[in-house]
Amino acid sequence: MTDRAPEATAGRPVRVLLADDQALMRAGFRALLDAEDDLLVVGEAADGASAVQLSRRLRPDVVLMDVQMPGLDGIEATRRIAADPDLTAVRVLILTNYGLDSYVFAALRAGASGFLLKDADPADLLQAVAVVARGDALLAPAVTRTLISEFVTGPPPADPAAGRDVLTAREQEVVELVARGLTNDDIAERMVISPLTAKTHVNRAMTKLHCRDRAQLVVWAYESGLVTPRRR
C-alpha cells in the first residue's frame, strides 16, 4: 500500500483513497483522478484490511472500494469504516464489475454511500466522487427501484412499524419517496413544496433515524417495512 501526507488547507481538493487488489486498475483510477485540480489521490490499498487502516490514518473524503479483494473484502471493510466513530466524515463509493447484484445491497446495508460500475465512463466516475464527497448518495432513481425490487426479498420485519413513531407523517411520506428513487426536486414537485423544504424533511428524517446518508435512509425504509419491494 502507498500513501502520502494529507492536506488540510481551506478549499483543498477532495481526497480519495483507492482500494482495489488490481494494481493496473488502481493506476488507471489514479491517473484519471489526479488529472483533476479538485481531486487528489492520497493513498492506495490492495485489500480491505489496508483500506480500513489507511482510512483511519489518512482520513480521506471518499474511498473508492472494490468488492472482491483478498482477505478482508470490500463489504466488510466498508462496514468497519462506517462503524468507526472517528471516520464519520469518510464516504465509501463501491466499485463493482457485477452491476445490480447482491453485493450492491450488502454494501449499502454496510454503510456505503453508493456504487458505480467499473466500466462507467470517466466523466461518470468523476461525477460520482463529487456527489459522494458532498454527502449525497449515488443512487440514481432507476437504479434504486431496480436494486430494491431485485434484492430486498427477505421476510418482512417482525414489527413493521418499529422506528416509524419518531417520524412525522410528512417525514414518512418523504422517506417513502426517497426509497422509491425520487430526488429532492421530484419530491418537491410531487408534494407541492419547495426543494429546500424537501431537503429539510430528508435531513430531519436521517437525523432521527441515525442514518449516515440518503443511501442508509433507503435501506431503513425497506428493512422497516415502510416500503414494500416489488417482486417479479
# chains A, B, ... in the order shown; residues from 1 in each chain; ligands from 1
>>> select_by_dssp(residues="stretch 43-207 of chain A", states="helix (DSSP H, G or I)", output="VMD selection string")
chain A and resid 48 to 58 74 to 83 85 to 87 102 to 110 122 to 133 141 to 151 164 to 166 169 to 179 184 to 191 195 to 207
>>> residues_around(residues="A:Ala89", least_positions_apart="5", cutoff="9 Å", atoms="only C-alpha atoms", output="CSV table (one decimal) with N, CA, C and O atoms, in the first residue's frame")
chain,number,residue,atom,x,y,z
A,59,ARG,N,-7.7,9.7,6.7
A,59,ARG,CA,-9.0,10.4,6.8
A,59,ARG,C,-9.4,11.0,5.4
A,59,ARG,O,-9.6,12.2,5.2
A,60,PRO,N,-9.5,10.1,4.4
A,60,PRO,CA,-9.9,10.6,3.0
A,60,PRO,C,-11.4,11.1,3.1
A,60,PRO,O,-12.1,10.7,4.0
A,61,ASP,N,-11.7,11.8,2.1
A,61,ASP,CA,-13.1,12.2,1.9
A,61,ASP,C,-13.9,11.1,1.3
A,61,ASP,O,-15.1,10.9,1.7
A,62,VAL,N,-13.3,10.4,0.4
A,62,VAL,CA,-14.0,9.3,-0.3
A,62,VAL,C,-13.1,8.1,-0.5
A,62,VAL,O,-11.9,8.3,-0.8
A,135,GLY,N,-21.6,14.5,0.4
A,135,GLY,CA,-22.6,13.9,1.4
A,135,GLY,C,-23.8,13.3,0.8
A,135,GLY,O,-24.7,12.9,1.6
>>> residues_around(residues="A:Val175", least_positions_apart="6", cutoff="10 Å", atoms="only C-alpha atoms", output="PyMOL selection string")
chain A and resi 167+169+181-182+187+201-202+205-206+214+217-218+220-221+226-227
>>> write_last_selection(atoms="N, CA, C and O atoms", output="JSON list (two decimals), in the first residue's frame")
[["chain", "number", "residue", "atom", "x", "y", "z"],
["A", 167, "LEU", "N", -40.90, 9.57, 13.35],
["A", 167, "LEU", "CA", -41.10, 10.41, 12.17],
["A", 167, "LEU", "C", -42.52, 10.97, 12.15],
["A", 167, "LEU", "O", -43.47, 10.29, 12.52],
["A", 169, "ALA", "N", -45.85, 12.26, 10.00],
["A", 169, "ALA", "CA", -46.48, 11.69, 8.82],
["A", 169, "ALA", "C", -45.85, 12.26, 7.54],
["A", 169, "ALA", "O", -45.65, 11.54, 6.56],
["A", 181, "GLY", "N", -36.89, 6.23, -5.12],
["A", 181, "GLY", "CA", -35.91, 6.72, -6.08],
["A", 181, "GLY", "C", -36.07, 8.15, -6.51],
["A", 181, "GLY", "O", -35.42, 8.59, -7.45],
["A", 182, "LEU", "N", -36.92, 8.93, -5.82],
["A", 182, "LEU", "CA", -37.15, 10.30, -6.23],
["A", 182, "LEU", "C", -36.07, 11.22, -5.66],
["A", 182, "LEU", "O", -35.61, 11.04, -4.53],
["A", 187, "ILE", "N", -39.43, 15.08, -5.28],
["A", 187, "ILE", "CA", -40.26, 15.07, -4.09],
["A", 187, "ILE", "C", -41.00, 16.39, -3.94],
["A", 187, "ILE", "O", -42.19, 16.43, -3.62],
["A", 201, "HIS", "N", -36.87, 18.05, 5.15],
["A", 201, "HIS", "CA", -37.56, 16.84, 5.64],
["A", 201, "HIS", "C", -36.65, 15.62, 5.57],
["A", 201, "HIS", "O", -36.61, 14.80, 6.50],
["A", 202, "VAL", "N", -35.91, 15.48, 4.47],
["A", 202, "VAL", "CA", -35.00, 14.34, 4.32],
["A", 202, "VAL", "C", -33.92, 14.38, 5.40],
["A", 202, "VAL", "O", -33.63, 13.37, 6.05],
["A", 205, "ALA", "N", -35.30, 13.44, 8.81],
["A", 205, "ALA", "CA", -35.54, 12.00, 8.90],
["A", 205, "ALA", "C", -34.23, 11.25, 9.13],
["A", 205, "ALA", "O", -34.17, 10.32, 9.94],
["A", 206, "MET", "N", -33.19, 11.64, 8.40],
["A", 206, "MET", "CA", -31.89, 10.99, 8.57],
["A", 206, "MET", "C", -31.37, 11.19, 10.00],
["A", 206, "MET", "O", -30.82, 10.26, 10.60],
["A", 214, "ARG", "N", -28.36, 9.42, 2.52],
["A", 214, "ARG", "CA", -29.58, 9.06, 1.81],
["A", 214, "ARG", "C", -29.65, 7.56, 1.52],
["A", 214, "ARG", "O", -30.72, 6.95, 1.55],
["A", 217, "LEU", "N", -30.93, 5.78, 4.41],
["A", 217, "LEU", "CA", -32.35, 6.06, 4.56],
["A", 217, "LEU", "C", -33.18, 5.11, 3.68],
["A", 217, "LEU", "O", -34.23, 4.61, 4.10],
["A", 218, "VAL", "N", -32.69, 4.84, 2.48],
["A", 218, "VAL", "CA", -33.37, 3.89, 1.59],
["A", 218, "VAL", "C", -33.38, 2.50, 2.22],
["A", 218, "VAL", "O", -34.40, 1.81, 2.24],
["A", 220, "TRP", "N", -33.18, 1.73, 5.38],
["A", 220, "TRP", "CA", -34.11, 1.72, 6.53],
["A", 220, "TRP", "C", -35.55, 1.60, 6.06],
["A", 220, "TRP", "O", -36.35, 0.87, 6.65],
["A", 221, "ALA", "N", -35.91, 2.32, 5.01],
["A", 221, "ALA", "CA", -37.29, 2.33, 4.55],
["A", 221, "ALA", "C", -37.77, 0.94, 4.19],
["A", 221, "ALA", "O", -38.91, 0.56, 4.50],
["A", 226, "LEU", "N", -41.60, 0.17, 5.86],
["A", 226, "LEU", "CA", -42.31, 1.37, 5.42],
["A", 226, "LEU", "C", -42.65, 1.27, 3.94],
["A", 226, "LEU", "O", -43.72, 1.71, 3.50],
["A", 227, "VAL", "N", -41.73, 0.68, 3.17],
["A", 227, "VAL", "CA", -41.94, 0.47, 1.75],
["A", 227, "VAL", "C", -41.78, -1.01, 1.45],
["A", 227, "VAL", "O", -40.87, -1.66, 1.97]]
>>> residues_around(residues="A:Ala133", least_positions_apart="6", cutoff="12 Å", atoms="only C-alpha atoms", output="compact mmCIF listing (two decimals) with N, CA, C and O atoms, in the first residue's frame")
# COMPACT_ATOMS: atom_id res chain seq x y z
N PRO A 13 -8.53 20.07 -2.31
CA PRO A 13 -9.23 19.14 -3.19
C PRO A 13 -9.87 18.00 -2.42
O PRO A 13 -9.51 17.74 -1.27
N VAL A 14 -10.81 17.32 -3.06
CA VAL A 14 -11.41 16.12 -2.47
C VAL A 14 -10.34 15.03 -2.43
O VAL A 14 -9.71 14.71 -3.43
N ARG A 15 -10.15 14.48 -1.25
CA ARG A 15 -9.08 13.50 -1.04
C ARG A 15 -9.66 12.09 -1.17
O ARG A 15 -10.62 11.73 -0.51
N VAL A 16 -9.03 11.29 -2.02
CA VAL A 16 -9.57 9.98 -2.39
C VAL A 16 -8.58 8.87 -2.05
O VAL A 16 -7.38 9.00 -2.32
N LEU A 17 -9.10 7.80 -1.47
CA LEU A 17 -8.32 6.59 -1.23
C LEU A 17 -8.81 5.51 -2.18
O LEU A 17 -10.02 5.28 -2.31
N ASP A 38 -9.34 19.49 -8.61
CA ASP A 38 -10.09 19.44 -7.36
C ASP A 38 -10.16 18.04 -6.74
O ASP A 38 -10.93 17.79 -5.82
N LEU A 39 -9.35 17.12 -7.26
CA LEU A 39 -9.30 15.76 -6.71
C LEU A 39 -7.85 15.39 -6.43
O LEU A 39 -6.94 15.78 -7.17
N PRO A 60 -9.50 10.11 4.36
CA PRO A 60 -9.90 10.61 3.05
C PRO A 60 -11.35 11.06 3.07
O PRO A 60 -12.12 10.70 3.96
N ASP A 61 -11.72 11.84 2.08
CA ASP A 61 -13.12 12.23 1.93
C ASP A 61 -13.93 11.09 1.33
O ASP A 61 -15.08 10.86 1.70
N VAL A 62 -13.32 10.39 0.38
CA VAL A 62 -14.00 9.30 -0.33
C VAL A 62 -13.06 8.11 -0.47
O VAL A 62 -11.88 8.29 -0.78
N VAL A 63 -13.60 6.92 -0.25
CA VAL A 63 -12.88 5.68 -0.53
C VAL A 63 -13.54 5.01 -1.73
O VAL A 63 -14.74 4.71 -1.68
N LEU A 64 -12.78 4.81 -2.80
CA LEU A 64 -13.27 4.01 -3.92
C LEU A 64 -12.96 2.56 -3.60
O LEU A 64 -11.81 2.15 -3.61
N ALA A 89 -16.87 11.18 8.69
CA ALA A 89 -16.81 12.04 7.51
C ALA A 89 -16.33 11.31 6.27
O ALA A 89 -16.33 11.86 5.17
N VAL A 90 -15.91 10.06 6.42
CA VAL A 90 -15.41 9.27 5.28
C VAL A 90 -16.58 8.62 4.56
O VAL A 90 -17.40 7.94 5.18
N ARG A 91 -16.65 8.81 3.26
CA ARG A 91 -17.71 8.21 2.45
C ARG A 91 -17.12 7.11 1.58
O ARG A 91 -16.03 7.26 1.03
N VAL A 92 -17.87 6.02 1.46
CA VAL A 92 -17.41 4.89 0.66
C VAL A 92 -18.24 4.77 -0.61
O VAL A 92 -19.47 4.73 -0.56
N LEU A 93 -17.55 4.72 -1.74
CA LEU A 93 -18.19 4.51 -3.04
C LEU A 93 -17.74 3.15 -3.55
O LEU A 93 -16.56 2.93 -3.82
N SER A 113 -22.09 4.78 0.55
CA SER A 113 -22.91 5.91 0.10
C SER A 113 -23.38 5.75 -1.34
O SER A 113 -24.11 6.60 -1.85
N GLY A 114 -22.97 4.68 -1.98
CA GLY A 114 -23.40 4.46 -3.35
C GLY A 114 -22.51 3.45 -4.04
O GLY A 114 -21.63 2.85 -3.42
N LEU A 126 -15.88 10.64 -12.16
CA LEU A 126 -15.57 11.94 -11.57
C LEU A 126 -16.80 12.55 -10.90
O LEU A 126 -16.72 13.10 -9.79
N GLN A 127 -17.94 12.45 -11.57
CA GLN A 127 -19.18 12.96 -11.01
C GLN A 127 -19.57 12.19 -9.75
O GLN A 127 -20.03 12.77 -8.76
N ASP A 213 -26.53 8.75 5.59
CA ASP A 213 -26.81 9.49 4.37
C ASP A 213 -28.08 8.95 3.72
O ASP A 213 -28.79 8.13 4.31
>>> residues_around(residues="stretch 25-27 of chain A", least_positions_apart="3", cutoff="10 Å", atoms="only C-alpha atoms", output="ChimeraX atom specification")
/A:17-22,30-33,44-46,64,118
>>> write_last_selection(atoms="N, CA, C and O atoms", output="PDB file, in the first residue's frame")
ATOM      1  N   LEU A  17      -9.104   7.800  -1.471  1.00  0.00           N
ATOM      2  CA  LEU A  17      -8.324   6.590  -1.225  1.00  0.00           C
ATOM      3  C   LEU A  17      -8.810   5.508  -2.182  1.00  0.00           C
ATOM      4  O   LEU A  17     -10.017   5.277  -2.305  1.00  0.00           O
ATOM      5  N   LEU A  18      -7.885   4.844  -2.879  1.00  0.00           N
ATOM      6  CA  LEU A  18      -8.219   3.776  -3.816  1.00  0.00           C
ATOM      7  C   LEU A  18      -8.020   2.430  -3.147  1.00  0.00           C
ATOM      8  O   LEU A  18      -6.954   2.163  -2.577  1.00  0.00           O
ATOM      9  N   ALA A  19      -9.029   1.570  -3.205  1.00  0.00           N
ATOM     10  CA  ALA A  19      -8.930   0.228  -2.634  1.00  0.00           C
ATOM     11  C   ALA A  19      -9.328  -0.791  -3.691  1.00  0.00           C
ATOM     12  O   ALA A  19     -10.509  -0.961  -3.999  1.00  0.00           O
ATOM     13  N   ASP A  20      -8.329  -1.446  -4.276  1.00  0.00           N
ATOM     14  CA  ASP A  20      -8.562  -2.435  -5.338  1.00  0.00           C
ATOM     15  C   ASP A  20      -7.347  -3.353  -5.373  1.00  0.00           C
ATOM     16  O   ASP A  20      -6.210  -2.883  -5.266  1.00  0.00           O
ATOM     17  N   ASP A  21      -7.582  -4.648  -5.510  1.00  0.00           N
ATOM     18  CA  ASP A  21      -6.452  -5.575  -5.494  1.00  0.00           C
ATOM     19  C   ASP A  21      -5.705  -5.618  -6.823  1.00  0.00           C
ATOM     20  O   ASP A  21      -4.644  -6.242  -6.916  1.00  0.00           O
ATOM     21  N   GLN A  22      -6.202  -4.958  -7.864  1.00  0.00           N
ATOM     22  CA  GLN A  22      -5.532  -4.943  -9.164  1.00  0.00           C
ATOM     23  C   GLN A  22      -4.741  -3.645  -9.317  1.00  0.00           C
ATOM     24  O   GLN A  22      -5.313  -2.553  -9.378  1.00  0.00           O
ATOM     25  N   ARG A  30      -6.007   6.349 -10.520  1.00  0.00           N
ATOM     26  CA  ARG A  30      -5.142   7.429 -10.042  1.00  0.00           C
ATOM     27  C   ARG A  30      -4.864   8.433 -11.156  1.00  0.00           C
ATOM     28  O   ARG A  30      -4.928   9.651 -10.932  1.00  0.00           O
ATOM     29  N   ALA A  31      -4.572   7.943 -12.342  1.00  0.00           N
ATOM     30  CA  ALA A  31      -4.274   8.837 -13.461  1.00  0.00           C
ATOM     31  C   ALA A  31      -5.475   9.727 -13.770  1.00  0.00           C
ATOM     32  O   ALA A  31      -5.326  10.932 -14.029  1.00  0.00           O
ATOM     33  N   LEU A  32      -6.659   9.134 -13.745  1.00  0.00           N
ATOM     34  CA  LEU A  32      -7.874   9.898 -14.042  1.00  0.00           C
ATOM     35  C   LEU A  32      -8.152  10.946 -12.972  1.00  0.00           C
ATOM     36  O   LEU A  32      -8.422  12.106 -13.282  1.00  0.00           O
ATOM     37  N   LEU A  33      -8.063  10.554 -11.707  1.00  0.00           N
ATOM     38  CA  LEU A  33      -8.411  11.454 -10.612  1.00  0.00           C
ATOM     39  C   LEU A  33      -7.368  12.540 -10.408  1.00  0.00           C
ATOM     40  O   LEU A  33      -7.694  13.704 -10.175  1.00  0.00           O
ATOM     41  N   GLU A  44      -3.347   4.249  -1.639  1.00  0.00           N
ATOM     42  CA  GLU A  44      -3.813   3.058  -2.346  1.00  0.00           C
ATOM     43  C   GLU A  44      -3.746   1.862  -1.418  1.00  0.00           C
ATOM     44  O   GLU A  44      -2.798   1.720  -0.639  1.00  0.00           O
ATOM     45  N   ALA A  45      -4.761   1.013  -1.496  1.00  0.00           N
ATOM     46  CA  ALA A  45      -4.811  -0.212  -0.699  1.00  0.00           C
ATOM     47  C   ALA A  45      -5.122  -1.378  -1.616  1.00  0.00           C
ATOM     48  O   ALA A  45      -5.969  -1.266  -2.503  1.00  0.00           O
ATOM     49  N   ALA A  46      -4.450  -2.504  -1.404  1.00  0.00           N
ATOM     50  CA  ALA A  46      -4.647  -3.683  -2.239  1.00  0.00           C
ATOM     51  C   ALA A  46      -5.581  -4.700  -1.604  1.00  0.00           C
ATOM     52  O   ALA A  46      -5.847  -5.748  -2.195  1.00  0.00           O
ATOM     53  N   LEU A  64     -12.782   4.807  -2.797  1.00  0.00           N
ATOM     54  CA  LEU A  64     -13.270   4.009  -3.924  1.00  0.00           C
ATOM     55  C   LEU A  64     -12.963   2.562  -3.596  1.00  0.00           C
ATOM     56  O   LEU A  64     -11.805   2.150  -3.613  1.00  0.00           O
ATOM     57  N   LYS A 118     -17.420  -0.556 -12.719  1.00  0.00           N
ATOM     58  CA  LYS A 118     -16.046  -0.269 -13.099  1.00  0.00           C
ATOM     59  C   LYS A 118     -15.901   0.137 -14.559  1.00  0.00           C
ATOM     60  O   LYS A 118     -14.916   0.768 -14.930  1.00  0.00           O
TER      61      LYS A 118
END
>>> atom_distance(atom1="atom CA of A:Ser55", atom2="atom CA of A:Asn97")
23.1 Å
>>> atom_distance(atom1="atom CA of A:Val41", atom2="atom CA of A:Met65")
13.2 Å
>>> select_by_dssp(residues="stretch 72-141 of chain A", states="strand (DSSP E or B)", output="number ranges by chain")
A: 91-96, 114-117, 138
>>> closest_residue(among="A:Ala112, A:Ala23, A:Ala123, A:Leu209", to="A:Ala83", atoms="only C-alpha atoms")
A:Ala112
